[in-house]
Each structure stands twice: as C-alpha cells, then as structure tokens.
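J.: One structure is given below, represented as structure tokens, and several questions about it will come after.
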Amino acid sequence: MPGSVRVILEPLPSGDTLRNVSTARMRLFNNGPGVSLATESPQPAELSFSLASITRVRPPGERTAQPLATVSGQLSVVNGRPRFEVAGDVVSLVPPDQAADRQLQLELDSESFPAGQPLLLALPQPAEGVKTLEMSVDLKVGGALEGGAVANDLFDFGDIFGVSIIEPKIVSLIFRSDHGVMKDNNTDLLNTGSPIPGIEWKFGQPSKPISHTKNRKVDIEIDLEVHPFNADETDCTLEGKADFAPLDFKLVQKLKGGKHTLSLTSTQALPDRIDKLQGKIKWTLTTPKKTFSAGDTFGHTIYLTFGTPVSIAGREAGITERRVATSVEFIKKNGATAPHKVVEALMKNDFPAYTVDVDATLDPTLKHPKYFNDVGGAWRILENLAAAAECQAIVRVVKAMIAQVGMDGTAVMVLATVKPDTGDPIEQPESGTGLAGKETVVSGKTLFPFLVPEEPGKVGRTFVIGARDSPVLNFFEACLKFTEGGLTKLYPGGTEGESKDTIPEVIEFSFTALILVSDAGGFTTADGKTAGIARLERVIRRY
C-alpha cells in the first residue's frame, strides 16, 4: 500500500464538565512518505505517545521528550482506508509521583477507530522553564515502525499547563448575616406575603431586601464562576466595593476554573444608625496577569436595625418588609438612637394626641379609634395619623414598631386605672378592662365610673355623651412600660411623649377626676359610651 499511515491529532475545545482535561481528536490517513506496512488483513499494532517539553522556542529549539503511554490493537485497510481496532487499555508510562493534575482526552475518529472509546492519557508535571509542549505519536505494525515522529504532524498544545482565567462572574449572593425573618410584602401594612428566599441575589435579577443589625460586619456567600472551567489554579484576589456605604469585601486565595462557593466578611461594619441603604456592589477578580470585572450585584436594599426584628403577639403580629421599612423611616426621621429616647420621640412626634371618638370618614373595617381589627390591627394608624387613635392602640403600634427594628429592652402594655370606690391608682395588665364593668348600684340607681382629663363640671349637671360639652370618658390610660439598661419608664399613649415613673404619676398627669355617671338616657353597652343623657352624680377624688 503506497503512502504510510499517519496519525493526526486535532485540538478540540474542552467541555465545561471536563475539569483539568484537555481534549483532542485522533484520526488516521495514508498519505505519508514510503510504503505502508498495513494490509487488508488485521495485524498487531501499537500506538506510542510521547510529549516533548520545549524550553526555548527559537532559535534553536531545546526539547526533552518523555514517553506518555501506549495502546495496543490491530491495524488493517478497509476500502482503501486505514483502520485501527483498539484491543486493550491505555498503558501509562508516566510515574504516578510525576503525574500532573491535568489529563489529555483523545476522542477517536469513528472512521479510523471504529467503536473506539475515548482514550485518557496522564500528563507529567512540566519542568521548570518549559515554554510549550508538543505531542507526537508513533505507529508500529508487527513491531516495525510505520510512521515516526518525523513523519507525524506534531500537535502543539501551547500553554496546556497554563490555561488562564479569562472571565470571572458572580452568579449568586446570599447575605448570611441577614436576619432572615421578613416576608416580601412591600405593598401595605397587612401581615401578608411570602418569606424572602435565602439567595437574595441571582445573576440578572435585582437583589431581595434584607434586614441587618447596624454597626455590624456583613457576612455573605457567593457563587463565583471562573471561565474557562479548565483554567489553571492561580493566586486570586476577589474584591467587592459597595456604592451605598463604606463597605468592602476582600478574599485572597487560589482559584481555578469552575464554580466556587466562597464566604466573605466585610472589612468594615455597616453604619451605626437606623437607616435604609440601597445600591450595588462592584466586584473584581485580580490574578497575577490581569484584573477582571466579576460583575455587579445590584438592587440591594438593607434595612439597618438595632437587632433581629421580632413579631409581637396579637393583631400586630408578623414581620414584613413594609412594616420594617416604615418603622425604620419613622425612627430615622426622629433621629433618636438610645432606646428610651426612641420611644419618647415616637410618642411625642408621631402620636402626640389620642381620641375616643370615631372618625366616620375612615374605612369602618379599621374600627377606628380602637383599631381592634383583623386587617393589620394598630399598624393601620400609620396610614391615618391625622385621625389619631385610642391610647391603647397607640401603645400597640409603638410596641410593634420598636419590635420590628429589634430594639433592646422589654416593652409591655399596662393599664393605669383606679379603684372605683376609693380612687386609689392601680396597674392592670394589657388584658385588663380598667373601670369597664365596674358599675355599682346606689339607692337603686346604676352608676358608671369614668376617668376624665378635664374639669367635669358640677355634680348634678347633665350632658350628652360625645357632645361638645361632654367630658371625655376613659376607663384607663394605656401605657407602654419600657425597661432597658436598668431603667423602667411608663409612656402613656397620646400624651406628647411624657414619661412617668409610677402609675400614680400617670393618673395624676392624665386625669383630673374620677366621676360616677348615672344612666339617664339608656346607655347600657359594655363600655358605657353609647350617646344619651346622663347626670354627673358626684366627684370622688381630684388629683
């Protein structure tokens, strides 16, 4: 057969799933010099692979050859074309202690190597100073050389052991120091929405919001893709710089091609204030050769809080983005940072007055001014500040707001009221009713006790409850009893932020008199406030 059989290696791109593997295709053709030893009858044959390490490319070339592997089979000519039937496994000639991480996968041309499976060759670790590598294949038939290195094309792998990073890309980000308790409702103050997913940012999508303790460092976890996936390991510095705060991330470690999950902690703490931060983080990856952009993680919203938001019990239960955002907005506006000052500022600036009168212009489902509703409870006061609310509703919403920002301290609602027969001040829990239901019968007449903030007038006068000259009738003064830093204060709702130390002080500050009112017009509801004519029976005590 004229023309010896030659072995040709053709480079192929490495698949993303093949890490530390370079790929080539091997095929045969019979246009080499000389007369081929191949015949139509199969003959024992062997492929011998070797690798030449070149330390100086030009001029002149300095090279060192090293055997790589052999594979046995049978060579024949079918329809004028050479065919090699692989008959055994690859025999590696590279000592295990000299093997590199990278391997060479040879895809076999189906016409030249029918039914042949890809061959995987171990490669040696290159010596110091090697500039490039060349691959050659000898084909022997019956022990005689069919085509040697001179007759074969040399497959130049170039920088096979130096596949460089060409593109880093951050594809996801998780804020590990996020409190992770918010639901994604940012539309209204209802307790609706779904838990915000753990992966806050994904490639191409704005980040989900988080809440984070102020004056703390930020812990994150990112997924970083390094392309190509067969890039060699090298020293890398990953850096991120936020545009919404003096917040930087830096990680120095070796990275190679592929997907990496990395944990980083910011070099600085977030600002020491209650605030809403928004913006992006710009990422770069620096190798010994180049600094690359690794993309921006964008759309970040960080609510800075005192601590982990807490869901209080009752109608105000639930933590949502809108509730956290609204609480942050109110507290930031007031400017206070010490817990007691925060409560005082909210009471003074945002809820200075209370009312016991219904505002008929509001949605009746809100149940103004009590806000005993199932559509957000006292949170809905924040939508109708000008309409005010009962003292107990004000206390409930302030208690809910400071819980949404995780403020230190213990907050409970208590009722400051009096004994109806003596007028002695007493404290009741939130579940108490004050003077409600404390009516007594005197000389066959039912008398209803109330606390009033103004001078009630003389004993014996009559009035229409709720009319202009009617006293404002109260069963109690609801207070936020707040303890923090060893200090306990009582903050009556709707009284311009005044704080008191004791229940008697609250009663003296909030009310002028305890009065007993007789039923002159048929008001017999549980709270005794249905409009009707009544007569002031007597004043038991003035404070």
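Starting from 1 in every chain, residues are counted up; chains themselves are A, B, ... following the order of the structure tokens, and ligands are numbered from 1 as listed.
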Env of Leu37 in chain A: 8 Å cut, atoms = only C-alpha atoms, seq-sep filter 2 positions within chain, self excluded. Answer as a PyMOL selection string.
T.: chain A and resi 1+4+35+39+141+146
J.: Could you take the residues named above and write them with N, CA and C atoms, as a PDB file, in the first residue's frame?
T.:
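See again_36.pdb below for the written result:
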ATOM      1  N   MET A   1       0.853  -1.188   0.000  1.00  0.00           N
ATOM      2  CA  MET A   1       0.000   0.000   0.000  1.00  0.00           C
ATOM      3  C   MET A   1       0.888   1.236   0.000  1.00  0.00           C
ATOM      4  N   SER A   4       2.606   5.713   3.677  1.00  0.00           N
ATOM      5  CA  SER A   4       2.473   5.175   5.030  1.00  0.00           C
ATOM      6  C   SER A   4       1.322   5.851   5.780  1.00  0.00           C
ATOM      7  N   VAL A  35       6.239   3.282   1.791  1.00  0.00           N
ATOM      8  CA  VAL A  35       5.227   2.251   1.547  1.00  0.00           C
ATOM      9  C   VAL A  35       4.709   1.763   2.882  1.00  0.00           C
ATOM     10  N   THR A  39      -2.098  -3.855   5.724  1.00  0.00           N
ATOM     11  CA  THR A  39      -2.717  -4.697   4.698  1.00  0.00           C
ATOM     12  C   THR A  39      -4.198  -4.837   5.011  1.00  0.00           C
ATOM     13  N   VAL A 141       3.657  -1.484  13.362  1.00  0.00           N
ATOM     14  CA  VAL A 141       2.882  -2.610  12.831  1.00  0.00           C
ATOM     15  C   VAL A 141       3.769  -3.852  12.896  1.00  0.00           C
ATOM     16  N   GLU A 146       5.788   2.160  11.481  1.00  0.00           N
ATOM     17  CA  GLU A 146       5.009   2.561  10.312  1.00  0.00           C
ATOM     18  C   GLU A 146       5.234   4.043  10.012  1.00  0.00           C
TER      19      GLU A 146
END
J.: Using only C-alpha atoms, which protein or nucleic acid residues come within 8 Å of range 312-316 of chain A? Drop anything in the same chain fewer than 4 positions from it, and give the result as a compact mmCIF listing (two decimals) with C-alpha atoms, in the first residue's frame.
T.:
# COMPACT_ATOMS: atom_id res chain seq x y z
CA PHE A 372 -59.33 46.13 67.08
CA ASN A 373 -59.43 44.79 63.54
CA ASP A 374 -58.04 41.81 61.62
CA GLY A 376 -53.38 44.97 60.28
CA GLY A 377 -54.52 45.98 63.75
CA ALA A 378 -52.89 49.14 65.09
CA TRP A 379 -50.42 49.19 62.19
CA ARG A 396 -49.76 48.76 70.49
CA VAL A 397 -48.34 50.31 67.34
CA ALA A 400 -44.89 46.79 67.29
CA ALA A 403 -40.04 45.21 67.82
J.: Show me, as a VMD selection string, the residues that have an atom within 10 Å of Pro95 in chain A when counting only C-alpha atoms, minus same-chain residues fewer than 3 positions from it.
T.: chain A and resid 68 92 98 to 99 122 to 124
J.: Take the residues that were just selected and, keeping C-alpha atoms, output them as a JSON list (two decimals), in the first residue's frame.
T.:
[["chain", "number", "residue", "atom", "x", "y", "z"],
["A", 68, "LEU", "CA", 3.46, 9.04, 27.88],
["A", 92, "SER", "CA", 0.55, 4.87, 31.16],
["A", 98, "GLN", "CA", 5.31, 12.69, 38.41],
["A", 99, "ALA", "CA", 1.73, 12.97, 37.12],
["A", 122, "ALA", "CA", -1.97, 11.03, 32.12],
["A", 123, "LEU", "CA", 0.35, 14.01, 31.60],
["A", 124, "PRO", "CA", 3.53, 14.70, 33.56]]
J.: Could you give me, as a PyMOL selection string, the residues within 10 Å of range 329-333 of chain A, counting only C-alpha atoms and dropping anything in the same chain fewer than 4 positions from it?
T.: chain A and resi 273-276+303+305+323-325+337+342-343+345-346+349-350+382+401-402+405
J.: Once you count only C-alpha atoms, what closest atom pair and distance in Å to one decimal does each residue of range 158-237 of chain A within 6 Å of range 283-297 of chain A have, with rows by chain and rising residue number, as CSV?
T.:
residue,atom,partner,partner_atom,distance
A:Pro168,CA,A:Ala294,CA,5.0
A:Lys169,CA,A:Ala294,CA,4.6
A:Ile170,CA,A:Ala294,CA,6.0
A:Asp235,CA,A:Thr287,CA,6.0
A:Cys236,CA,A:Thr287,CA,4.8
A:Thr237,CA,A:Thr286,CA,5.1
J.: Output the selection as a PDB file, in the first residue's frame - C-alpha atoms for each residue.
T.:
ATOM      1  CA  PRO A 168     -14.937  35.569  36.349  1.00  0.00           C
ATOM      2  CA  LYS A 169     -18.645  36.039  37.005  1.00  0.00           C
ATOM      3  CA  ILE A 170     -20.602  36.177  40.260  1.00  0.00           C
ATOM      4  CA  ASP A 235      -3.433  33.263  43.101  1.00  0.00           C
ATOM      5  CA  CYS A 236      -6.542  35.446  43.091  1.00  0.00           C
ATOM      6  CA  THR A 237      -7.853  38.461  44.964  1.00  0.00           C
TER       7      THR A 237
END
J.: Can you list every residue in range 264-431 of chain A that DSSP puts in helix (DSSP H, G or I), as a ChimeraX atom specification?
T.: /A:321-334,339-350,364-366,377-383,385-387,391-404
J.: Phe450 in chain A: which residues within 7 Å, counting only C-alpha atoms, same-chain residues fewer than 6 positions away excluded, as a list of chain:residue names?
T.: A:Leu435, A:Leu473, A:Asn474, A:Phe475, A:Leu514, A:Ile515, A:Leu516
J.: What does the file look like for those residues with C-alpha atoms, as a PDB file, in the first residue's frame?
T.:
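Wrote it out as again.pdb, contents follow:
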ATOM      1  CA  LEU A 435     -63.152  50.773  85.003  1.00  0.00           C
ATOM      2  CA  LEU A 473     -64.837  59.423  79.393  1.00  0.00           C
ATOM      3  CA  ASN A 474     -61.983  56.940  79.984  1.00  0.00           C
ATOM      4  CA  PHE A 475     -61.687  53.583  81.667  1.00  0.00           C
ATOM      5  CA  LEU A 514     -62.936  60.156  88.748  1.00  0.00           C
ATOM      6  CA  ILE A 515     -66.652  60.637  88.208  1.00  0.00           C
ATOM      7  CA  LEU A 516     -69.703  58.439  88.578  1.00  0.00           C
TER       8      LEU A 516
END
J.: Measuring between only C-alpha atoms, which one of A:Leu490, A:Thr495, A:Asp469, A:Gly34 shows the shortest distance to Ala389 in chain A?
T.: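 Going through A:Leu490, A:Thr495, A:Asp469, A:Gly34 one by one, the smallest distance to Ala389 in chain A is for A:Thr495.
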J.: Looking only at strand (DSSP E) from DSSP on the backbone, list the matching residues of range 258-389 of chain A as a PyMOL selection string.
T.: chain A and resi 258-269+275-286+291-305
J.: Would you mind exporting N, CA and C atoms of the selected residues as a JSON list (two decimals), in the first residue's frame?
T.:
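result02.json, written as the output of this step:
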[["chain", "number", "residue", "atom", "x", "y", "z"],
["A", 258, "GLY", "N", -14.08, 26.85, 36.99],
["A", 258, "GLY", "CA", -15.22, 26.15, 37.56],
["A", 258, "GLY", "C", -16.05, 27.06, 38.44],
["A", 259, "LYS", "N", -16.93, 26.45, 39.19],
["A", 259, "LYS", "CA", -17.84, 27.18, 40.07],
["A", 259, "LYS", "C", -17.37, 27.05, 41.50],
["A", 260, "HIS", "N", -17.28, 28.18, 42.19],
["A", 260, "HIS", "CA", -16.77, 28.21, 43.55],
["A", 260, "HIS", "C", -17.79, 28.86, 44.47],
["A", 261, "THR", "N", -18.01, 28.26, 45.62],
["A", 261, "THR", "CA", -18.83, 28.87, 46.66],
["A", 261, "THR", "C", -17.89, 29.44, 47.71],
["A", 262, "LEU", "N", -17.94, 30.75, 47.89],
["A", 262, "LEU", "CA", -16.97, 31.45, 48.72],
["A", 262, "LEU", "C", -17.68, 32.25, 49.81],
["A", 263, "SER", "N", -17.09, 32.26, 50.99],
["A", 263, "SER", "CA", -17.61, 33.04, 52.11],
["A", 263, "SER", "C", -16.71, 34.24, 52.36],
["A", 264, "LEU", "N", -17.32, 35.41, 52.52],
["A", 264, "LEU", "CA", -16.56, 36.64, 52.76],
["A", 264, "LEU", "C", -17.21, 37.42, 53.88],
["A", 265, "THR", "N", -16.41, 38.19, 54.60],
["A", 265, "THR", "CA", -16.89, 39.11, 55.63],
["A", 265, "THR", "C", -16.37, 40.49, 55.29],
["A", 266, "SER", "N", -17.23, 41.47, 55.39],
["A", 266, "SER", "CA", -16.83, 42.84, 55.04],
["A", 266, "SER", "C", -15.71, 43.31, 55.95],
["A", 267, "THR", "N", -14.86, 44.14, 55.40],
["A", 267, "THR", "CA", -13.74, 44.66, 56.19],
["A", 267, "THR", "C", -14.19, 45.74, 57.16],
["A", 268, "GLN", "N", -15.35, 46.35, 56.89],
["A", 268, "GLN", "CA", -15.88, 47.37, 57.80],
["A", 268, "GLN", "C", -17.27, 46.96, 58.27],
["A", 269, "ALA", "N", -17.72, 47.61, 59.34],
["A", 269, "ALA", "CA", -19.08, 47.42, 59.81],
["A", 269, "ALA", "C", -20.01, 48.37, 59.06],
["A", 275, "ASP", "N", -31.41, 53.00, 59.42],
["A", 275, "ASP", "CA", -31.43, 53.60, 58.09],
["A", 275, "ASP", "C", -31.84, 52.55, 57.06],
["A", 276, "LYS", "N", -32.10, 53.04, 55.85],
["A", 276, "LYS", "CA", -32.36, 52.19, 54.69],
["A", 276, "LYS", "C", -31.27, 52.47, 53.67],
["A", 277, "LEU", "N", -30.50, 51.45, 53.31],
["A", 277, "LEU", "CA", -29.41, 51.60, 52.34],
["A", 277, "LEU", "C", -29.80, 50.90, 51.05],
["A", 278, "GLN", "N", -29.46, 51.52, 49.93],
["A", 278, "GLN", "CA", -29.77, 50.93, 48.64],
["A", 278, "GLN", "C", -28.63, 51.18, 47.66],
["A", 279, "GLY", "N", -28.34, 50.18, 46.82],
["A", 279, "GLY", "CA", -27.30, 50.35, 45.80],
["A", 279, "GLY", "C", -26.76, 49.02, 45.32],
["A", 280, "LYS", "N", -25.52, 49.06, 44.83],
["A", 280, "LYS", "CA", -24.90, 47.87, 44.24],
["A", 280, "LYS", "C", -23.52, 47.65, 44.83],
["A", 281, "ILE", "N", -22.99, 46.45, 44.57],
["A", 281, "ILE", "CA", -21.62, 46.12, 44.94],
["A", 281, "ILE", "C", -20.88, 45.76, 43.66],
["A", 282, "LYS", "N", -19.78, 46.44, 43.40],
["A", 282, "LYS", "CA", -18.97, 46.20, 42.20],
["A", 282, "LYS", "C", -17.85, 45.22, 42.57],
["A", 283, "TRP", "N", -17.73, 44.14, 41.75],
["A", 283, "TRP", "CA", -16.78, 43.07, 42.06],
["A", 283, "TRP", "C", -15.68, 42.99, 41.02],
["A", 284, "THR", "N", -14.47, 42.72, 41.49],
["A", 284, "THR", "CA", -13.32, 42.49, 40.61],
["A", 284, "THR", "C", -12.56, 41.26, 41.08],
["A", 285, "LEU", "N", -11.89, 40.62, 40.13],
["A", 285, "LEU", "CA", -11.01, 39.48, 40.44],
["A", 285, "LEU", "C", -9.65, 39.79, 39.83],
["A", 286, "THR", "N", -8.62, 39.78, 40.66],
["A", 286, "THR", "CA", -7.27, 40.09, 40.21],
["A", 286, "THR", "C", -6.41, 38.83, 40.27],
["A", 291, "THR", "N", -6.53, 42.22, 36.06],
["A", 291, "THR", "CA", -7.68, 42.47, 36.90],
["A", 291, "THR", "C", -8.93, 42.44, 36.04],
["A", 292, "PHE", "N", -9.89, 41.59, 36.43],
["A", 292, "PHE", "CA", -11.12, 41.40, 35.67],
["A", 292, "PHE", "C", -12.30, 41.97, 36.44],
["A", 293, "SER", "N", -13.29, 42.45, 35.72],
["A", 293, "SER", "CA", -14.58, 42.73, 36.33],
["A", 293, "SER", "C", -15.32, 41.40, 36.53],
["A", 294, "ALA", "N", -15.83, 41.20, 37.74],
["A", 294, "ALA", "CA", -16.62, 39.99, 38.02],
["A", 294, "ALA", "C", -18.11, 40.32, 38.06],
["A", 295, "GLY", "N", -18.46, 41.52, 37.59],
["A", 295, "GLY", "CA", -19.86, 41.93, 37.53],
["A", 295, "GLY", "C", -20.29, 42.69, 38.77],
["A", 296, "ASP", "N", -21.50, 43.21, 38.72],
["A", 296, "ASP", "CA", -22.10, 43.94, 39.84],
["A", 296, "ASP", "C", -23.26, 43.13, 40.40],
["A", 297, "THR", "N", -23.34, 43.05, 41.71],
["A", 297, "THR", "CA", -24.57, 42.58, 42.34],
["A", 297, "THR", "C", -25.35, 43.84, 42.67],
["A", 298, "PHE", "N", -26.58, 43.92, 42.21],
["A", 298, "PHE", "CA", -27.27, 45.20, 42.23],
["A", 298, "PHE", "C", -28.67, 45.09, 42.85],
["A", 299, "GLY", "N", -29.25, 46.26, 43.08],
["A", 299, "GLY", "CA", -30.60, 46.30, 43.65],
["A", 299, "GLY", "C", -30.65, 45.96, 45.12],
["A", 300, "HIS", "N", -29.52, 46.04, 45.82],
["A", 300, "HIS", "CA", -29.51, 45.69, 47.24],
["A", 300, "HIS", "C", -30.30, 46.71, 48.06],
["A", 301, "THR", "N", -31.12, 46.23, 48.98],
["A", 301, "THR", "CA", -31.80, 47.06, 49.97],
["A", 301, "THR", "C", -31.51, 46.47, 51.34],
["A", 302, "ILE", "N", -30.89, 47.28, 52.20],
["A", 302, "ILE", "CA", -30.52, 46.83, 53.54],
["A", 302, "ILE", "C", -31.17, 47.75, 54.55],
["A", 303, "TYR", "N", -32.02, 47.17, 55.39],
["A", 303, "TYR", "CA", -32.62, 47.93, 56.48],
["A", 303, "TYR", "C", -31.75, 47.76, 57.72],
["A", 304, "LEU", "N", -31.16, 48.85, 58.18],
["A", 304, "LEU", "CA", -30.31, 48.81, 59.36],
["A", 304, "LEU", "C", -31.20, 48.90, 60.60],
["A", 305, "THR", "N", -31.08, 47.92, 61.48],
["A", 305, "THR", "CA", -31.91, 47.84, 62.67],
["A", 305, "THR", "C", -31.04, 47.70, 63.91]]
J.: Quick one: distance from CA of Thr23 in chain A to CA of Ile8 in chain A in Å, one decimal?
T.: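 According to the coordinates, CA of Thr23 in chain A and CA of Ile8 in chain A are separated by 13.5 Å.
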J.: At a cut-off of 12 Å, using only C-alpha atoms, what residues contact Asp363 in chain A? Leave out same-chain residues fewer than 5 positions from it and give the result as a PyMOL selection string.
T.: chain A and resi 358+368-369+371+373+375+380-381+383-384+387
J.: Just how far from CA of Ile319 in chain A is CA of Asp248 in chain A, in Å to one decimal?
T.: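 Spanning CA of Asp248 in chain A to CA of Ile319 in chain A is a straight-line distance of 29.1 Å.
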J.: At what distance in Å, to one decimal, does CA of Pro471 in chain A lie from CA of Lys438 in chain A?
T.: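 Interatomic distance here is 18.6 Å.
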J.: Taking into account only C-alpha atoms, which residue in the set A:Ser164, A:Ser211, A:Gln253, A:Thr417 is nearest to Ser327 in chain A?
T.: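 Among A:Ser164, A:Ser211, A:Gln253, A:Thr417, it is A:Ser211 that comes nearest to Ser327 in chain A.
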J.: Please determine, counting only C-alpha atoms, which residue among A:Thr361, A:Thr320, A:Ser177, A:Asn230 has the shortest atom-to-atom distance to Ser194 in chain A.
T.: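 The shortest atom-to-atom distance to Ser194 in chain A comes from A:Thr320.
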